[in-house]
>>> print(open('target_15.txt').read())   # compact mmCIF, C-alpha atoms
# COMPACT_ATOMS: atom_id res chain seq x y z
CA MET A 3 20.94 -7.81 13.01
CA LYS A 4 17.83 -5.78 12.24
CA ARG A 5 14.70 -7.62 11.10
CA ILE A 6 11.81 -6.43 8.94
CA ALA A 7 8.63 -8.52 8.86
CA CYS A 8 6.41 -7.94 5.83
CA ILE A 9 2.76 -8.92 5.39
CA HIS A 10 1.81 -9.23 1.71
CA THR A 11 -1.51 -10.11 0.07
CA VAL A 12 -0.49 -9.89 -3.61
CA TYR A 13 2.18 -12.36 -4.69
CA SER A 14 3.62 -10.14 -7.41
CA VAL A 15 4.47 -7.47 -4.81
CA ILE A 16 6.74 -9.72 -2.74
CA ASP A 17 9.79 -9.70 -5.03
CA SER A 18 9.52 -6.04 -6.03
CA PHE A 19 9.01 -4.81 -2.47
CA THR A 20 11.84 -6.96 -1.13
CA ARG A 21 14.14 -5.59 -3.82
CA GLN A 22 13.14 -2.01 -2.98
CA LEU A 23 13.81 -2.62 0.72
CA ARG A 24 17.30 -3.89 -0.15
CA GLU A 25 17.95 -0.93 -2.43
CA GLY A 26 16.46 1.71 -0.14
CA ILE A 27 17.83 0.72 3.25
CA PRO A 28 21.60 0.47 3.83
CA GLY A 29 23.32 -2.22 5.84
CA ASP A 30 22.58 -5.84 6.51
CA PHE A 31 19.15 -6.93 7.74
CA LYS A 32 16.81 -9.90 7.55
CA ILE A 33 13.41 -9.80 5.84
CA HIS A 34 10.68 -12.19 6.96
CA THR A 35 7.69 -12.55 4.63
CA LEU A 36 4.14 -13.55 5.54
CA TYR A 37 1.90 -14.05 2.48
CA ASP A 38 -1.84 -13.93 3.28
CA ASP A 39 -3.81 -13.57 0.05
CA PHE A 40 -7.11 -14.24 1.87
CA LEU A 41 -6.98 -10.78 3.41
CA ALA A 42 -7.29 -9.25 -0.07
CA SER A 43 -9.35 -11.88 -1.91
CA ASP A 44 -12.08 -12.22 0.73
CA PRO A 45 -12.85 -8.46 0.92
CA ALA A 46 -12.84 -8.41 -2.89
CA ASP A 47 -15.43 -11.22 -2.92
CA THR A 48 -17.62 -9.92 -0.08
CA GLY A 49 -17.20 -6.17 -0.47
CA LYS A 50 -16.10 -5.65 3.13
CA PHE A 51 -13.18 -6.18 5.50
CA SER A 52 -14.96 -8.38 8.02
CA ALA A 53 -14.41 -9.05 11.71
CA ILE A 54 -12.86 -12.37 10.68
CA ASN A 55 -10.39 -10.54 8.42
CA HIS A 56 -9.61 -8.16 11.27
CA GLN A 57 -8.91 -11.06 13.63
CA ARG A 58 -6.79 -12.81 10.99
CA LEU A 59 -4.68 -9.66 10.60
CA ARG A 60 -4.28 -9.51 14.39
CA LEU A 61 -2.88 -13.06 14.32
CA ASP A 62 -0.58 -12.12 11.43
CA PHE A 63 0.77 -9.25 13.54
CA GLN A 64 1.42 -11.63 16.42
CA ALA A 65 3.19 -14.08 14.10
CA CYS A 66 5.39 -11.28 12.72
CA ALA A 67 6.23 -10.03 16.21
CA LEU A 68 7.43 -13.54 17.08
CA THR A 69 10.15 -13.25 14.42
CA GLY A 70 11.85 -10.65 16.61
CA ALA A 71 11.07 -7.97 14.03
CA ASP A 72 12.17 -4.39 14.60
CA VAL A 73 9.35 -3.19 12.35
CA ILE A 74 6.32 -4.76 10.66
CA VAL A 75 5.26 -3.54 7.22
CA VAL A 76 1.85 -4.22 5.67
CA SER A 77 1.96 -3.80 1.89
CA CYS A 78 -1.78 -3.94 1.11
CA SER A 79 -3.86 -0.74 1.21
CA THR A 80 -7.07 -2.70 1.77
CA LEU A 81 -5.76 -3.56 5.22
CA SER A 82 -4.74 -0.02 6.21
CA PRO A 83 -7.81 0.90 8.33
CA SER A 84 -7.38 -2.26 10.39
CA VAL A 85 -3.62 -1.73 10.57
CA ARG A 86 -4.21 1.64 12.20
CA LEU A 87 -6.57 0.07 14.75
CA LEU A 88 -4.39 -2.94 15.58
CA ARG A 89 -0.84 -1.66 15.51
CA GLY A 90 -0.86 -0.67 19.17
CA GLU A 91 -1.49 -4.29 20.17
CA VAL A 92 2.06 -5.45 19.39
CA ASN A 93 5.23 -4.07 20.90
CA VAL A 94 6.73 -3.44 17.47
CA PRO A 95 6.31 -0.41 15.17
CA VAL A 96 3.80 -1.24 12.42
CA VAL A 97 3.81 0.67 9.13
CA ALA A 98 0.91 0.66 6.68
CA ILE A 99 2.03 0.88 3.06
CA ASP A 100 0.17 4.14 2.48
CA ASP A 101 0.90 6.01 5.74
CA ALA A 102 3.50 8.31 4.21
CA MET A 103 1.82 8.54 0.81
CA VAL A 104 -1.51 9.85 2.10
CA ALA A 105 0.27 12.44 4.24
CA ASP A 106 2.24 13.62 1.19
CA ALA A 107 -0.90 13.67 -0.97
CA VAL A 108 -2.82 15.89 1.44
CA ALA A 109 0.16 18.23 1.64
CA ALA A 110 0.38 18.39 -2.16
CA GLY A 111 -3.08 19.85 -2.85
CA ARG A 112 -6.79 19.85 -2.13
CA ARG A 113 -7.88 18.18 -5.40
CA ILE A 114 -6.75 14.57 -5.28
CA GLY A 115 -7.25 11.94 -7.96
CA LEU A 116 -7.26 8.35 -6.65
CA LEU A 117 -6.60 5.55 -9.14
CA ALA A 118 -7.25 1.94 -8.11
CA THR A 119 -7.53 -1.47 -9.72
CA ALA A 120 -9.37 -3.21 -6.86
CA ASN A 121 -12.71 -2.03 -5.49
CA SER A 122 -11.75 -3.42 -2.07
CA THR A 123 -9.02 -0.76 -1.91
CA VAL A 124 -11.19 2.22 -2.83
CA GLY A 125 -12.90 2.58 0.55
CA PRO A 126 -9.78 2.17 2.71
CA SER A 127 -7.68 4.49 0.53
CA SER A 128 -10.41 7.12 0.40
CA SER A 129 -10.92 7.01 4.16
CA ALA A 130 -7.16 7.23 4.75
CA LEU A 131 -6.95 10.37 2.62
CA GLN A 132 -9.97 11.92 4.31
CA ALA A 133 -8.56 11.11 7.76
CA ALA A 134 -5.20 12.65 6.86
CA ALA A 135 -6.96 15.76 5.57
CA ALA A 136 -9.02 16.03 8.75
CA ALA A 137 -5.87 15.68 10.86
CA ALA A 138 -4.31 18.50 8.82
CA GLY A 139 -7.43 20.64 9.27
CA ILE A 140 -8.28 20.86 5.57
CA GLU A 141 -10.98 19.65 3.21
CA ILE A 142 -10.14 17.75 0.05
CA GLN A 143 -11.98 17.04 -3.18
CA LEU A 144 -11.47 13.37 -3.96
CA GLN A 145 -11.93 11.96 -7.44
CA VAL A 146 -11.90 8.15 -7.54
CA LEU A 147 -11.47 5.92 -10.60
CA CYS A 148 -11.14 2.13 -10.51
CA ASN A 149 -10.67 -0.57 -13.15
CA GLU A 150 -10.75 -4.10 -11.76
CA GLU A 151 -9.93 -5.59 -15.16
CA ALA A 152 -6.41 -4.21 -14.68
CA ASN A 153 -6.13 -6.03 -11.36
CA ARG A 154 -7.26 -9.30 -12.92
CA ALA A 155 -4.66 -8.85 -15.65
CA MET A 156 -1.90 -8.30 -13.10
CA LYS A 157 -2.92 -11.38 -11.14
CA SER A 158 -2.84 -13.48 -14.31
CA GLY A 159 0.66 -12.23 -15.12
CA ASP A 160 -0.42 -9.93 -17.97
CA LYS A 161 1.49 -6.85 -16.85
CA ALA A 162 1.25 -5.17 -20.27
CA THR A 163 -2.56 -5.17 -20.18
CA HIS A 164 -2.53 -3.95 -16.58
CA ASP A 165 -0.28 -1.03 -17.49
CA ARG A 166 -2.32 -0.08 -20.55
CA LEU A 167 -5.55 -0.07 -18.56
CA VAL A 168 -4.03 2.04 -15.78
CA LEU A 169 -2.92 4.64 -18.33
CA GLU A 170 -6.38 4.64 -19.92
CA LEU A 171 -7.89 5.13 -16.47
CA ALA A 172 -5.54 8.04 -15.78
CA GLU A 173 -6.64 9.74 -18.99
CA GLN A 174 -10.18 9.96 -17.55
CA LEU A 175 -9.09 12.13 -14.64
CA ALA A 176 -10.49 15.63 -14.37
CA PRO A 177 -7.96 18.36 -13.49
CA CYS A 178 -6.44 17.78 -10.05
CA ASP A 179 -3.39 18.75 -8.00
CA VAL A 180 -1.99 15.29 -7.39
CA VAL A 181 -2.72 11.68 -8.38
CA VAL A 182 -2.49 8.83 -5.88
CA LEU A 183 -1.95 5.22 -7.01
CA ALA A 184 -3.92 3.24 -4.45
CA GLN A 185 -2.04 -0.06 -4.57
CA ALA A 186 1.60 -1.04 -4.30
CA SER A 187 1.14 -3.21 -7.40
CA MET A 188 0.61 0.02 -9.39
CA ALA A 189 3.78 1.75 -8.19
CA HIS A 190 5.82 1.01 -11.32
CA MET A 191 3.33 3.18 -13.24
CA GLU A 192 4.13 6.37 -11.30
CA ALA A 193 6.36 7.97 -13.96
CA ALA A 194 4.20 6.81 -16.88
CA VAL A 195 0.99 8.20 -15.36
CA ALA A 196 2.74 11.49 -14.55
CA GLU A 197 3.98 11.76 -18.12
CA ARG A 198 0.56 10.92 -19.58
CA THR A 199 -1.41 13.32 -17.35
CA GLY A 200 1.10 16.09 -16.62
CA ILE A 201 0.10 15.83 -12.95
CA PRO A 202 2.37 14.88 -10.02
CA VAL A 203 1.82 11.22 -9.10
CA LEU A 204 2.40 9.50 -5.75
CA SER A 205 2.80 5.80 -5.11
CA SER A 206 3.35 4.09 -1.80
CA PRO A 207 6.39 1.76 -1.73
CA LYS A 208 9.32 4.19 -1.88
CA ARG A 209 7.69 6.49 0.67
CA CYS A 210 6.91 3.55 2.91
CA ILE A 211 10.50 2.33 2.65
CA ALA A 212 11.81 5.76 3.64
CA GLN A 213 9.57 5.58 6.71
CA VAL A 214 10.87 2.08 7.55
CA ARG A 215 14.46 3.27 7.14
CA GLU A 216 13.82 6.12 9.58
CA ILE A 217 12.33 3.71 12.15
CA LEU A 218 15.33 1.38 11.89
CA GLU A 219 17.79 4.24 12.24
CA LYS A 220 16.05 5.41 15.42
CA ARG A 221 16.26 1.88 16.85
CA ASP A 222 20.06 1.76 16.49
>>> encode(input="target_15.txt", output="structure tokens")
Amino acid sequence: MKRIACIHTVYSVIDSFTRQLREGIPGDFKIHTLYDDFLASDPADTGKFSAINHQRLRLDFQACALTGADVIVVSCSTLSPSVRLLRGEVNVPVVAIDDAMVADAVAAGRRIGLLATANSTVGPSSSALQAAAAAAGIEIQLQVLCNEEANRAMKSGDKATHDRLVLELAEQLAPCDVVVLAQASMAHMEAAVAERTGIPVLSSPKRCIAQVREILEKRD
């Protein structure tokens, strides 16, 4: 039986991402979950993803590999730069939540709006978009907006306030070709933000799951 090992840093993402994996990937498979909130909370407190965080993620990779996983998925965008540095250290494919999303965003247009609710995600998401643009040989204009109050609301269980603040943030966007929702915890707002702004909106989970499905199919 196939196995997917997931590393999560936001508790509210675990159930929704697990459900989307079940809905988006056919057949029977096991999901193993590693919840490491420190990897998101410490960068939020210190303003950086430290060497200690990097080493902790390395150990999380090793723990996930020991489950016999066919693929490891990291659902937190804050971790993505380290994911891309560390994934070659384990003999298992490792997918960052935003790998597919940033590639799609760069292909969608040069003017990209990035919405976030955690400052710790802004740098990693911005650098991921810039790196994808460089790899594609293009230059992008990146517009970044962040509201951490929305993130605090989500963590406290106040989803309604989170959603309202994300929509208010989206209304501040200048004209752009595509909007990127930086965090998986914002994914349920994709349609609402698109309707409010009239701009195509990309979120990460469904694109990530399509990538995971492709990896599993190739491993059959």
>>> closest_residue(input="target_15.txt", among="A:Ile99, A:Ala189, A:Val85, A:Leu68", to="Asn55 (chain A)", atoms="only C-alpha atoms")
A:Val85
>>> atom_distance(input="target_15.txt", atom1="CA of Asp30 (chain A)", atom2="CA of His190 (chain A)")
25.4 Å
>>> atom_distance(input="target_15.txt", atom1="CA of Glu170 (chain A)", atom2="CA of Thr119 (chain A)")
11.9 Å
>>> closest_residue(input="target_15.txt", among="A:Gln64, A:Thr48, A:Ser84, A:Gln22", to="Ala7 (chain A)", atoms="all atoms listed in the file")
A:Gln64
>>> closest_residue(input="target_15.txt", among="A:Arg21, A:Lys157, A:His34, A:Arg209", to="Val97 (chain A)", atoms="all atoms listed in the file")
A:Arg209
>>> residues_around(input="target_15.txt", residues="Asp62 (chain A)", least_positions_apart="2", cutoff="10 Å", atoms="only C-alpha atoms", output="compact mmCIF listing (two decimals) with C-alpha atoms, in the frame of the given file")
# COMPACT_ATOMS: atom_id res chain seq x y z
CA CYS A 8 6.41 -7.94 5.83
CA ILE A 9 2.76 -8.92 5.39
CA LEU A 36 4.14 -13.55 5.54
CA TYR A 37 1.90 -14.05 2.48
CA ASP A 38 -1.84 -13.93 3.28
CA HIS A 56 -9.61 -8.16 11.27
CA GLN A 57 -8.91 -11.06 13.63
CA ARG A 58 -6.79 -12.81 10.99
CA LEU A 59 -4.68 -9.66 10.60
CA ARG A 60 -4.28 -9.51 14.39
CA GLN A 64 1.42 -11.63 16.42
CA ALA A 65 3.19 -14.08 14.10
CA CYS A 66 5.39 -11.28 12.72
CA ALA A 67 6.23 -10.03 16.21
CA LEU A 68 7.43 -13.54 17.08
>>> atom_distance(input="target_15.txt", atom1="CA of Asn93 (chain A)", atom2="CA of His10 (chain A)")
20.2 Å
>>> residues_around(input="target_15.txt", residues="Thr80 (chain A)", least_positions_apart="3", cutoff="12 Å", atoms="all atoms listed in the file", output="JSON, numbers by chain")
{"A": [10, 11, 12, 39, 40, 41, 42, 43, 44, 45, 46, 49, 50, 51, 52, 55, 56, 59, 76, 77, 83, 84, 85, 86, 98, 99, 100, 118, 119, 120, 121, 122, 123, 124, 125, 126, 127, 128, 129, 130, 184, 185, 186]}
>>> residues_around(input="target_15.txt", residues="region 105-113 of chain A", least_positions_apart="3", cutoff="6 Å", atoms="all atoms listed in the file", output="PDB file with C-alpha atoms, in the frame of the given file")
ATOM      1  CA  ALA A 102       3.500   8.310   4.210  1.00  0.00           C
ATOM      2  CA  ALA A 135      -6.960  15.760   5.570  1.00  0.00           C
ATOM      3  CA  ILE A 142     -10.140  17.750   0.050  1.00  0.00           C
ATOM      4  CA  GLN A 143     -11.980  17.040  -3.180  1.00  0.00           C
ATOM      5  CA  CYS A 178      -6.440  17.780 -10.050  1.00  0.00           C
ATOM      6  CA  ASP A 179      -3.390  18.750  -8.000  1.00  0.00           C
TER       7      ASP A 179
END
>>> residues_around(input="target_15.txt", residues="Lys220 (chain A)", least_positions_apart="3", cutoff="12 Å", atoms="only C-alpha atoms", output="list in words")
Lys4, Asp72, Val73, Pro95, Gln213, Val214, Arg215, Glu216 and Ile217 of chain A
>>> build_atoms(input="target_15.txt", residues="region 130-147 of chain A", atoms="N, CA, C and O atoms", output="short mmCIF file (atom, residue, chain, number, x, y, z; two decimals), in the coordinates of the input")
data_model
loop_
_atom_site.label_atom_id
_atom_site.label_comp_id
_atom_site.auth_asym_id
_atom_site.auth_seq_id
_atom_site.Cartn_x
_atom_site.Cartn_y
_atom_site.Cartn_z
N ALA A 130 -8.49 6.83 4.27
CA ALA A 130 -7.16 7.23 4.75
C ALA A 130 -6.84 8.65 4.33
O ALA A 130 -6.30 9.45 5.12
N LEU A 131 -7.18 9.01 3.10
CA LEU A 131 -6.95 10.37 2.62
C LEU A 131 -7.82 11.38 3.37
O LEU A 131 -7.35 12.45 3.76
N GLN A 132 -9.07 11.03 3.58
CA GLN A 132 -9.97 11.92 4.31
C GLN A 132 -9.51 12.10 5.76
O GLN A 132 -9.56 13.20 6.31
N ALA A 133 -9.04 11.03 6.38
CA ALA A 133 -8.56 11.11 7.76
C ALA A 133 -7.31 11.98 7.84
O ALA A 133 -7.16 12.78 8.77
N ALA A 134 -6.41 11.83 6.87
CA ALA A 134 -5.20 12.65 6.86
C ALA A 134 -5.54 14.12 6.65
O ALA A 134 -4.93 15.01 7.26
N ALA A 135 -6.53 14.38 5.80
CA ALA A 135 -6.96 15.76 5.57
C ALA A 135 -7.57 16.35 6.84
O ALA A 135 -7.30 17.50 7.21
N ALA A 136 -8.39 15.56 7.52
CA ALA A 136 -9.02 16.03 8.75
C ALA A 136 -7.96 16.33 9.81
O ALA A 136 -8.04 17.34 10.53
N ALA A 137 -6.95 15.47 9.89
CA ALA A 137 -5.87 15.68 10.86
C ALA A 137 -5.09 16.96 10.55
O ALA A 137 -4.58 17.62 11.45
N ALA A 138 -5.02 17.30 9.24
CA ALA A 138 -4.31 18.50 8.82
C ALA A 138 -5.21 19.74 8.87
O ALA A 138 -4.75 20.86 8.61
N GLY A 139 -6.49 19.53 9.17
CA GLY A 139 -7.43 20.64 9.27
C GLY A 139 -7.85 21.22 7.94
O GLY A 139 -8.17 22.41 7.85
N ILE A 140 -7.87 20.38 6.89
CA ILE A 140 -8.28 20.86 5.57
C ILE A 140 -9.35 19.96 4.98
O ILE A 140 -9.58 18.85 5.46
N GLU A 141 -10.02 20.46 3.96
CA GLU A 141 -10.98 19.65 3.21
C GLU A 141 -10.40 19.36 1.83
O GLU A 141 -9.76 20.20 1.23
N ILE A 142 -10.64 18.13 1.37
CA ILE A 142 -10.14 17.75 0.05
C ILE A 142 -11.30 17.37 -0.86
O ILE A 142 -12.37 16.99 -0.41
N GLN A 143 -11.05 17.52 -2.15
CA GLN A 143 -11.98 17.04 -3.18
C GLN A 143 -11.36 15.78 -3.77
O GLN A 143 -10.30 15.83 -4.40
N LEU A 144 -12.03 14.66 -3.57
CA LEU A 144 -11.47 13.37 -3.96
C LEU A 144 -12.19 12.83 -5.18
O LEU A 144 -13.42 12.70 -5.20
N GLN A 145 -11.42 12.54 -6.20
CA GLN A 145 -11.93 11.96 -7.44
C GLN A 145 -11.40 10.53 -7.55
O GLN A 145 -10.20 10.31 -7.56
N VAL A 146 -12.30 9.55 -7.59
CA VAL A 146 -11.90 8.15 -7.54
C VAL A 146 -12.25 7.44 -8.84
O VAL A 146 -13.38 7.50 -9.31
N LEU A 147 -11.26 6.74 -9.41
CA LEU A 147 -11.47 5.92 -10.60
C LEU A 147 -10.88 4.55 -10.35
O LEU A 147 -9.78 4.42 -9.80
#
